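Asks: Got a file for you: input-v1.txt, compact mmCIF, N, CA and C atoms and all ligand atoms.
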```txt
# COMPACT_ATOMS: atom_id res chain seq x y z
N MET R 121 0.84 -1.20 0.00
CA MET R 121 0.00 0.00 0.00
C MET R 121 0.88 1.25 0.00
N SER R 122 0.31 2.29 -0.54
CA SER R 122 1.04 3.55 -0.62
C SER R 122 1.24 4.15 0.76
N LYS R 123 2.38 4.78 0.98
CA LYS R 123 2.60 5.47 2.24
C LYS R 123 1.99 6.87 2.21
N ASP R 124 1.59 7.31 1.03
CA ASP R 124 0.97 8.63 0.93
C ASP R 124 -0.52 8.51 1.12
N SER R 125 -1.07 9.37 1.94
CA SER R 125 -2.51 9.36 2.11
C SER R 125 -3.14 10.00 0.88
N PRO R 126 -4.38 9.60 0.57
CA PRO R 126 -5.07 10.24 -0.56
C PRO R 126 -5.15 11.75 -0.35
N ALA R 127 -5.27 12.47 -1.45
CA ALA R 127 -5.26 13.94 -1.38
C ALA R 127 -6.43 14.50 -0.57
N ASN R 128 -7.50 13.72 -0.43
CA ASN R 128 -8.67 14.25 0.27
C ASN R 128 -8.74 13.78 1.73
N VAL R 129 -7.63 13.22 2.22
CA VAL R 129 -7.59 12.70 3.60
C VAL R 129 -6.45 13.36 4.35
N GLU R 130 -6.69 13.67 5.64
CA GLU R 130 -5.65 14.23 6.49
C GLU R 130 -5.86 13.72 7.91
N THR R 131 -4.94 14.06 8.80
CA THR R 131 -5.10 13.64 10.20
C THR R 131 -6.02 14.62 10.92
N TYR R 132 -6.74 14.10 11.92
CA TYR R 132 -7.61 14.94 12.74
C TYR R 132 -6.79 16.03 13.44
N SER R 133 -5.61 15.65 13.92
CA SER R 133 -4.78 16.59 14.69
C SER R 133 -4.14 17.67 13.83
N GLY R 134 -4.02 17.38 12.54
CA GLY R 134 -3.26 18.28 11.68
C GLY R 134 -1.77 17.98 11.69
N GLU R 135 -1.36 17.03 12.53
CA GLU R 135 0.05 16.63 12.60
C GLU R 135 0.33 15.55 11.56
N LEU R 136 1.61 15.30 11.31
CA LEU R 136 1.97 14.19 10.43
C LEU R 136 1.55 12.88 11.08
N PRO R 137 1.14 11.89 10.28
CA PRO R 137 0.71 10.62 10.87
C PRO R 137 1.87 9.85 11.50
N ASP R 138 1.60 9.19 12.64
CA ASP R 138 2.60 8.28 13.23
C ASP R 138 2.64 6.97 12.44
N ILE R 139 1.50 6.59 11.88
CA ILE R 139 1.38 5.36 11.10
C ILE R 139 0.91 5.76 9.70
N PRO R 140 1.63 5.33 8.66
CA PRO R 140 1.25 5.73 7.30
C PRO R 140 -0.14 5.23 6.92
N TYR R 141 -0.77 5.97 6.03
CA TYR R 141 -2.09 5.60 5.53
C TYR R 141 -2.03 4.20 4.91
N GLY R 142 -3.02 3.38 5.21
CA GLY R 142 -3.07 2.05 4.64
C GLY R 142 -2.43 0.98 5.49
N GLU R 143 -1.64 1.37 6.49
CA GLU R 143 -0.97 0.38 7.35
C GLU R 143 -1.77 0.08 8.62
N ALA R 144 -2.71 0.92 8.94
CA ALA R 144 -3.58 0.71 10.09
C ALA R 144 -4.83 1.53 9.85
N SER R 145 -5.83 1.32 10.69
CA SER R 145 -7.09 2.03 10.48
C SER R 145 -7.02 3.49 10.93
N ALA R 146 -5.99 3.83 11.70
CA ALA R 146 -5.86 5.21 12.18
C ALA R 146 -4.39 5.62 12.12
N PRO R 147 -4.11 6.91 12.03
CA PRO R 147 -2.73 7.38 11.93
C PRO R 147 -2.00 7.46 13.27
N GLY R 148 -2.74 7.27 14.38
CA GLY R 148 -2.13 7.32 15.70
C GLY R 148 -2.31 6.01 16.43
N TYR R 149 -1.37 5.71 17.29
CA TYR R 149 -1.42 4.45 18.05
C TYR R 149 -2.52 4.49 19.11
N VAL R 150 -2.93 3.33 19.57
CA VAL R 150 -3.94 3.26 20.63
C VAL R 150 -3.31 3.64 21.96
N ASN R 151 -3.98 4.55 22.67
CA ASN R 151 -3.58 4.90 24.02
C ASN R 151 -4.14 3.83 24.96
N PRO R 152 -3.27 3.06 25.65
CA PRO R 152 -3.77 1.96 26.46
C PRO R 152 -4.66 2.39 27.61
N GLU R 153 -4.55 3.62 28.05
CA GLU R 153 -5.38 4.09 29.17
C GLU R 153 -6.82 4.35 28.74
N THR R 154 -6.99 4.84 27.53
CA THR R 154 -8.34 5.21 27.08
C THR R 154 -8.90 4.25 26.04
N GLY R 155 -8.03 3.50 25.37
CA GLY R 155 -8.46 2.65 24.27
C GLY R 155 -8.63 3.40 22.98
N GLN R 156 -8.45 4.71 23.04
CA GLN R 156 -8.67 5.54 21.87
C GLN R 156 -7.34 5.75 21.13
N ASN R 157 -7.42 5.87 19.81
CA ASN R 157 -6.20 6.20 19.07
C ASN R 157 -5.80 7.64 19.36
N THR R 158 -4.52 7.92 19.26
CA THR R 158 -4.06 9.28 19.52
C THR R 158 -4.41 10.21 18.36
N ASP R 159 -4.78 9.64 17.21
CA ASP R 159 -5.16 10.47 16.06
C ASP R 159 -6.04 9.63 15.14
N TYR R 160 -6.79 10.30 14.29
CA TYR R 160 -7.70 9.62 13.35
C TYR R 160 -7.59 10.27 11.99
N TRP R 161 -7.96 9.51 10.96
CA TRP R 161 -8.08 10.10 9.62
C TRP R 161 -9.41 10.82 9.50
N VAL R 162 -9.40 11.92 8.80
CA VAL R 162 -10.62 12.65 8.45
C VAL R 162 -10.49 13.11 7.00
N LEU R 163 -11.61 13.43 6.38
CA LEU R 163 -11.58 14.06 5.08
C LEU R 163 -11.15 15.51 5.25
N THR R 164 -10.45 16.02 4.27
CA THR R 164 -9.99 17.41 4.33
C THR R 164 -11.18 18.37 4.30
N PRO R 165 -10.99 19.59 4.80
CA PRO R 165 -12.06 20.59 4.71
C PRO R 165 -12.53 20.81 3.27
N GLU R 166 -11.61 20.75 2.32
CA GLU R 166 -11.97 20.93 0.91
C GLU R 166 -12.93 19.83 0.46
N GLU R 167 -12.62 18.59 0.88
CA GLU R 167 -13.50 17.47 0.52
C GLU R 167 -14.85 17.61 1.22
N ARG R 168 -14.84 17.96 2.50
CA ARG R 168 -16.09 18.08 3.25
C ARG R 168 -16.96 19.20 2.70
N SER R 169 -16.32 20.23 2.15
CA SER R 169 -17.08 21.37 1.62
C SER R 169 -17.80 21.03 0.32
N GLN R 170 -17.56 19.83 -0.22
CA GLN R 170 -18.25 19.42 -1.44
C GLN R 170 -19.71 19.04 -1.16
N GLY R 171 -20.04 18.90 0.11
CA GLY R 171 -21.45 18.66 0.45
C GLY R 171 -21.64 17.41 1.28
N PHE R 172 -22.58 17.49 2.20
CA PHE R 172 -22.89 16.34 3.07
C PHE R 172 -24.06 15.56 2.49
N ILE R 173 -23.97 14.23 2.58
CA ILE R 173 -25.08 13.40 2.11
C ILE R 173 -25.88 12.83 3.28
N ARG R 174 -25.41 13.11 4.51
CA ARG R 174 -26.16 12.79 5.72
C ARG R 174 -26.05 13.99 6.64
N PRO R 175 -26.94 14.10 7.66
CA PRO R 175 -26.80 15.20 8.61
C PRO R 175 -25.45 15.12 9.35
N VAL R 176 -24.96 16.26 9.80
CA VAL R 176 -23.77 16.28 10.65
C VAL R 176 -24.23 15.98 12.07
N ARG R 177 -23.82 14.81 12.57
CA ARG R 177 -24.26 14.37 13.89
C ARG R 177 -23.03 14.16 14.77
N ARG R 178 -23.12 14.70 15.98
CA ARG R 178 -21.95 14.70 16.85
C ARG R 178 -21.90 13.54 17.82
N SER R 179 -22.97 12.74 17.91
CA SER R 179 -22.94 11.67 18.90
C SER R 179 -23.73 10.45 18.42
N TYR R 180 -23.28 9.31 18.90
CA TYR R 180 -23.95 8.04 18.58
C TYR R 180 -24.02 7.19 19.83
N LEU R 181 -24.89 6.18 19.75
CA LEU R 181 -25.07 5.26 20.87
C LEU R 181 -24.50 3.90 20.50
N HIS R 182 -23.83 3.29 21.45
CA HIS R 182 -23.38 1.90 21.29
C HIS R 182 -24.51 1.03 21.80
N ARG R 183 -25.10 0.26 20.91
CA ARG R 183 -26.29 -0.51 21.30
C ARG R 183 -25.98 -1.52 22.41
N LYS R 184 -24.77 -2.07 22.38
CA LYS R 184 -24.40 -3.12 23.34
C LYS R 184 -24.39 -2.62 24.78
N CYS R 185 -23.89 -1.40 24.99
CA CYS R 185 -23.74 -0.90 26.37
C CYS R 185 -24.64 0.30 26.65
N GLY R 186 -25.20 0.91 25.60
CA GLY R 186 -26.09 2.05 25.78
C GLY R 186 -25.41 3.39 25.93
N ALA R 187 -24.08 3.41 25.90
CA ALA R 187 -23.37 4.66 26.13
C ALA R 187 -23.38 5.54 24.88
N GLU R 188 -23.41 6.84 25.14
CA GLU R 188 -23.33 7.84 24.07
C GLU R 188 -21.89 8.33 23.97
N THR R 189 -21.36 8.35 22.77
CA THR R 189 -20.02 8.88 22.54
C THR R 189 -20.13 10.11 21.65
N VAL R 190 -19.43 11.17 22.03
CA VAL R 190 -19.43 12.42 21.28
C VAL R 190 -18.11 12.52 20.52
N MET R 191 -18.18 12.96 19.29
CA MET R 191 -16.96 13.05 18.47
C MET R 191 -16.69 14.49 18.07
N GLY R 192 -15.50 14.72 17.58
CA GLY R 192 -15.11 16.04 17.12
C GLY R 192 -15.81 16.41 15.81
N GLN R 193 -15.84 17.71 15.54
CA GLN R 193 -16.57 18.22 14.38
C GLN R 193 -16.04 17.66 13.07
N ALA R 194 -14.73 17.56 12.92
CA ALA R 194 -14.17 17.08 11.64
C ALA R 194 -14.56 15.63 11.39
N ILE R 195 -14.61 14.83 12.45
CA ILE R 195 -15.03 13.43 12.30
C ILE R 195 -16.52 13.37 11.98
N ALA R 196 -17.32 14.18 12.66
CA ALA R 196 -18.76 14.22 12.40
C ALA R 196 -19.03 14.62 10.94
N GLU R 197 -18.28 15.59 10.46
CA GLU R 197 -18.47 16.04 9.07
C GLU R 197 -17.97 14.99 8.08
N THR R 198 -16.94 14.24 8.46
CA THR R 198 -16.46 13.16 7.59
C THR R 198 -17.54 12.09 7.43
N TYR R 199 -18.19 11.73 8.54
CA TYR R 199 -19.32 10.78 8.46
C TYR R 199 -20.43 11.34 7.58
N ALA R 200 -20.70 12.64 7.68
CA ALA R 200 -21.80 13.25 6.91
C ALA R 200 -21.47 13.31 5.42
N ARG R 201 -20.22 13.48 5.11
CA ARG R 201 -19.79 13.54 3.71
C ARG R 201 -19.68 12.13 3.12
N SER R 202 -19.17 11.19 3.93
CA SER R 202 -18.86 9.85 3.43
C SER R 202 -19.22 8.83 4.52
N PRO R 203 -20.49 8.41 4.59
CA PRO R 203 -20.96 7.60 5.72
C PRO R 203 -20.18 6.30 5.94
N LYS R 204 -19.54 5.78 4.88
CA LYS R 204 -18.81 4.52 5.02
C LYS R 204 -17.29 4.73 5.16
N PHE R 205 -16.89 5.96 5.47
CA PHE R 205 -15.45 6.27 5.58
C PHE R 205 -14.80 5.44 6.68
N TYR R 206 -15.48 5.27 7.80
CA TYR R 206 -14.93 4.50 8.94
C TYR R 206 -15.61 3.13 9.01
N GLY R 207 -14.80 2.10 9.17
CA GLY R 207 -15.36 0.76 9.32
C GLY R 207 -15.68 0.43 10.77
N ALA R 208 -14.99 1.12 11.67
CA ALA R 208 -15.17 0.88 13.10
C ALA R 208 -15.14 2.23 13.79
N THR R 209 -15.74 2.27 14.97
CA THR R 209 -15.77 3.54 15.69
C THR R 209 -15.66 3.28 17.19
N PHE R 210 -15.40 4.34 17.92
CA PHE R 210 -15.00 4.22 19.32
C PHE R 210 -16.20 4.33 20.27
N CYS R 211 -16.16 3.53 21.34
CA CYS R 211 -17.10 3.69 22.46
C CYS R 211 -16.28 4.02 23.70
N TRP R 212 -16.56 5.19 24.30
CA TRP R 212 -15.76 5.63 25.47
C TRP R 212 -15.97 4.71 26.65
N LYS R 213 -17.18 4.13 26.78
CA LYS R 213 -17.47 3.30 27.95
C LYS R 213 -16.78 1.95 27.83
N CYS R 214 -16.85 1.34 26.65
CA CYS R 214 -16.20 0.04 26.42
C CYS R 214 -14.69 0.21 26.21
N LYS R 215 -14.26 1.46 25.98
CA LYS R 215 -12.84 1.77 25.75
C LYS R 215 -12.25 0.96 24.61
N ASP R 216 -13.03 0.85 23.53
CA ASP R 216 -12.53 0.09 22.37
C ASP R 216 -13.31 0.53 21.13
N HIS R 217 -12.80 0.07 19.98
CA HIS R 217 -13.47 0.31 18.71
C HIS R 217 -14.25 -0.93 18.31
N PHE R 218 -15.40 -0.71 17.68
CA PHE R 218 -16.26 -1.80 17.23
C PHE R 218 -16.79 -1.45 15.84
N PRO R 219 -17.27 -2.47 15.10
CA PRO R 219 -17.84 -2.17 13.78
C PRO R 219 -18.94 -1.12 13.88
N VAL R 220 -18.98 -0.24 12.90
CA VAL R 220 -19.94 0.87 12.96
C VAL R 220 -21.38 0.38 13.06
N LYS R 221 -21.66 -0.81 12.54
CA LYS R 221 -23.04 -1.31 12.57
C LYS R 221 -23.54 -1.58 13.98
N GLU R 222 -22.65 -1.59 14.99
CA GLU R 222 -23.08 -1.76 16.38
C GLU R 222 -23.58 -0.46 17.00
N PHE R 223 -23.52 0.64 16.22
CA PHE R 223 -23.86 1.96 16.76
C PHE R 223 -25.02 2.58 16.00
N THR R 224 -25.80 3.40 16.70
CA THR R 224 -26.86 4.17 16.04
C THR R 224 -26.70 5.64 16.37
N TRP R 225 -27.12 6.47 15.40
CA TRP R 225 -27.06 7.92 15.62
C TRP R 225 -28.10 8.32 16.66
N ASP R 226 -27.64 9.20 17.54
CA ASP R 226 -28.47 9.73 18.62
C ASP R 226 -29.78 10.33 18.13
N ASP R 227 -29.71 11.09 17.05
CA ASP R 227 -30.87 11.93 16.69
C ASP R 227 -32.03 11.13 16.09
N ASP R 228 -31.72 10.17 15.23
CA ASP R 228 -32.83 9.48 14.56
C ASP R 228 -32.75 7.95 14.63
N GLY R 229 -31.76 7.43 15.34
CA GLY R 229 -31.69 5.99 15.55
C GLY R 229 -31.23 5.17 14.35
N THR R 230 -30.81 5.84 13.28
CA THR R 230 -30.30 5.10 12.12
C THR R 230 -28.91 4.57 12.41
N GLU R 231 -28.55 3.51 11.71
CA GLU R 231 -27.27 2.84 11.95
C GLU R 231 -26.12 3.71 11.46
N VAL R 232 -25.08 3.81 12.26
CA VAL R 232 -23.86 4.50 11.83
C VAL R 232 -23.26 3.71 10.65
N GLY R 233 -22.80 4.45 9.66
CA GLY R 233 -22.22 3.80 8.48
C GLY R 233 -23.24 3.54 7.39
N SER R 234 -24.48 3.93 7.64
CA SER R 234 -25.52 3.71 6.62
C SER R 234 -25.95 5.04 6.00
ZN ZN J 301 -19.94 0.52 24.47
```
Render the structure in this file as structure tokens.

Replies:
Amino acid sequence: MSKDSPANVETYSGELPDIPYGEASAPGYVNPETGQNTDYWVLTPEERSQGFIRPVRRSYLHRKCGAETVMGQAIAETYARSPKFYGATFCWKCKDHFPVKEFTWDDDGTEVGS
């Protein structure tokens, strides 16, 4: 796989990736204390400005545990622009990532990734 990320993808932090694009699902390593990666891929502002095909939603529910997880704006907009961009997503309560189909959007109960 290419070490260069696609032109329409960047890191959430704005920093250079610790892990090249294509070698892992996120550009930052997992923090063992939180279970969360230190960084994530997002679509660039230019790509996101092309238009959203879903509402911009900031939180989802993990059906298994019932917890609500809130995400940053760039990640929320990436989901709205490209609903299948992420294959897995984070639950703060379970402290791990799970397939997006295990989660539903807070506002209307539709499945994340759909
Ligand atoms: Zn959970």

Asks: Step by step, measure atom-to-atom distances between ligand ZN 301 (chain J) and each residue using only N, CA and C atoms and all ligand atoms, keep those at most 6.5 Å, then write them as a ChimeraX atom specification.

Replies: /R:182-187,211-215

Asks: Tell me which residues come within 6 Å of (-15.3, 12.9, 6.0), as a list in words, counting all atoms listed in the file in the file's coordinates.

Replies: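 Within the cut-off we find Val162, Leu163, Arg168, Glu197, Thr198, Tyr199, Ala200, Arg201 and Ser202 of chain R.
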
Asks: DSSP on the backbone, strand (DSSP E) only: what residues of chain R does that give? Format it as a compact mmCIF listing (two decimals) with N, CA and C atoms, in the coordinates of the input.

Replies:
```
# COMPACT_ATOMS: atom_id res chain seq x y z
N VAL R 129 -7.63 13.22 2.22
CA VAL R 129 -7.59 12.70 3.60
C VAL R 129 -6.45 13.36 4.35
N GLU R 130 -6.69 13.67 5.64
CA GLU R 130 -5.65 14.23 6.49
C GLU R 130 -5.86 13.72 7.91
N THR R 131 -4.94 14.06 8.80
CA THR R 131 -5.10 13.64 10.20
C THR R 131 -6.02 14.62 10.92
N TRP R 161 -7.96 9.51 10.96
CA TRP R 161 -8.08 10.10 9.62
C TRP R 161 -9.41 10.82 9.50
N VAL R 162 -9.40 11.92 8.80
CA VAL R 162 -10.62 12.65 8.45
C VAL R 162 -10.49 13.11 7.00
N LEU R 163 -11.61 13.43 6.38
CA LEU R 163 -11.58 14.06 5.08
C LEU R 163 -11.15 15.51 5.25
N SER R 179 -22.97 12.74 17.91
CA SER R 179 -22.94 11.67 18.90
C SER R 179 -23.73 10.45 18.42
N TYR R 180 -23.28 9.31 18.90
CA TYR R 180 -23.95 8.04 18.58
C TYR R 180 -24.02 7.19 19.83
N LEU R 181 -24.89 6.18 19.75
CA LEU R 181 -25.07 5.26 20.87
C LEU R 181 -24.50 3.90 20.50
N HIS R 182 -23.83 3.29 21.45
CA HIS R 182 -23.38 1.90 21.29
C HIS R 182 -24.51 1.03 21.80
N GLU R 188 -23.41 6.84 25.14
CA GLU R 188 -23.33 7.84 24.07
C GLU R 188 -21.89 8.33 23.97
N THR R 189 -21.36 8.35 22.77
CA THR R 189 -20.02 8.88 22.54
C THR R 189 -20.13 10.11 21.65
N VAL R 190 -19.43 11.17 22.03
CA VAL R 190 -19.43 12.42 21.28
C VAL R 190 -18.11 12.52 20.52
N ALA R 208 -14.99 1.12 11.67
CA ALA R 208 -15.17 0.88 13.10
C ALA R 208 -15.14 2.23 13.79
N THR R 209 -15.74 2.27 14.97
CA THR R 209 -15.77 3.54 15.69
C THR R 209 -15.66 3.28 17.19
N PHE R 210 -15.40 4.34 17.92
CA PHE R 210 -15.00 4.22 19.32
C PHE R 210 -16.20 4.33 20.27
N CYS R 211 -16.16 3.53 21.34
CA CYS R 211 -17.10 3.69 22.46
C CYS R 211 -16.28 4.02 23.70
N ASP R 216 -13.03 0.85 23.53
CA ASP R 216 -12.53 0.09 22.37
C ASP R 216 -13.31 0.53 21.13
N HIS R 217 -12.80 0.07 19.98
CA HIS R 217 -13.47 0.31 18.71
C HIS R 217 -14.25 -0.93 18.31
N PHE R 218 -15.40 -0.71 17.68
CA PHE R 218 -16.26 -1.80 17.23
C PHE R 218 -16.79 -1.45 15.84
N PRO R 219 -17.27 -2.47 15.10
CA PRO R 219 -17.84 -2.17 13.78
C PRO R 219 -18.94 -1.12 13.88
N PHE R 223 -23.52 0.64 16.22
CA PHE R 223 -23.86 1.96 16.76
C PHE R 223 -25.02 2.58 16.00
N THR R 224 -25.80 3.40 16.70
CA THR R 224 -26.86 4.17 16.04
C THR R 224 -26.70 5.64 16.37
N TRP R 225 -27.12 6.47 15.40
CA TRP R 225 -27.06 7.92 15.62
C TRP R 225 -28.10 8.32 16.66
```

Asks: What does the distance from atom C of R:Asn157 to atom N of R:Tyr180 come to in Å, to one decimal?

Replies: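 Atom N of R:Tyr180 lies 17.6 Å from atom C of R:Asn157.
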
Asks: To one decimal in Å, tell me the separation between atom C of R:Ser169 and atom C of R:Gly192.

Replies: 16.3 Å

Asks: Could you name the residues that touch R:Val232 at 6.5 Å or less, counting only N, CA and C atoms, but leaving out those on the same chain fewer than 4 positions away, as number ranges by chain?

Replies: R: 203, 220-221, 223-225

Asks: Env of R:Phe210: 7 Å cut, atoms = all atoms listed in the file, seq-sep filter 5 positions within chain, self excluded. Answer as a PyMOL selection string.

Replies: chain R and resi 156+189+215-218

Asks: Can you write just those residues out, N, CA and C atoms, as a JSON list (two decimals), in the frame of the given file?

Replies:
```
[["chain", "number", "residue", "atom", "x", "y", "z"],
["R", 156, "GLN", "N", -8.45, 4.71, 23.04],
["R", 156, "GLN", "CA", -8.67, 5.54, 21.87],
["R", 156, "GLN", "C", -7.34, 5.75, 21.13],
["R", 189, "THR", "N", -21.36, 8.35, 22.77],
["R", 189, "THR", "CA", -20.02, 8.88, 22.54],
["R", 189, "THR", "C", -20.13, 10.11, 21.65],
["R", 215, "LYS", "N", -14.26, 1.46, 25.98],
["R", 215, "LYS", "CA", -12.84, 1.77, 25.75],
["R", 215, "LYS", "C", -12.25, 0.96, 24.61],
["R", 216, "ASP", "N", -13.03, 0.85, 23.53],
["R", 216, "ASP", "CA", -12.53, 0.09, 22.37],
["R", 216, "ASP", "C", -13.31, 0.53, 21.13],
["R", 217, "HIS", "N", -12.80, 0.07, 19.98],
["R", 217, "HIS", "CA", -13.47, 0.31, 18.71],
["R", 217, "HIS", "C", -14.25, -0.93, 18.31],
["R", 218, "PHE", "N", -15.40, -0.71, 17.68],
["R", 218, "PHE", "CA", -16.26, -1.80, 17.23],
["R", 218, "PHE", "C", -16.79, -1.45, 15.84]]
```

Asks: If you measure from atom CA of R:Glu166 to atom CA of R:Asp228, what distance in Å do you get, rounded to one decimal?

Replies: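 Here the two named atoms are 27.4 Å from each other.
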
Asks: I need the residues in stretch 173-228 of chain R that are alpha helix (DSSP H) according to DSSP; give them as a VMD selection string.

Replies: chain R and resid 193 to 201

Asks: Considering only C-alpha atoms, state which residue in the set R:Val176, R:Leu136, R:Ala146, R:Ala194 is at the smallest distance from R:Thr164.

Replies: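 Residue with the minimum atom-to-atom distance to R:Thr164: R:Ala194.
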
Asks: Using 8 Å of padding on each side, determine the axis-aligned box around all atoms of stretch 177-188 of chain R present in the file and give its centre and edge lengths in Å to one decimal, as JSON.

Replies:
```
{"center_x": -24.1, "center_y": 5.8, "center_z": 19.6, "size_x": 20.4, "size_y": 33.9, "size_z": 30.1}
```
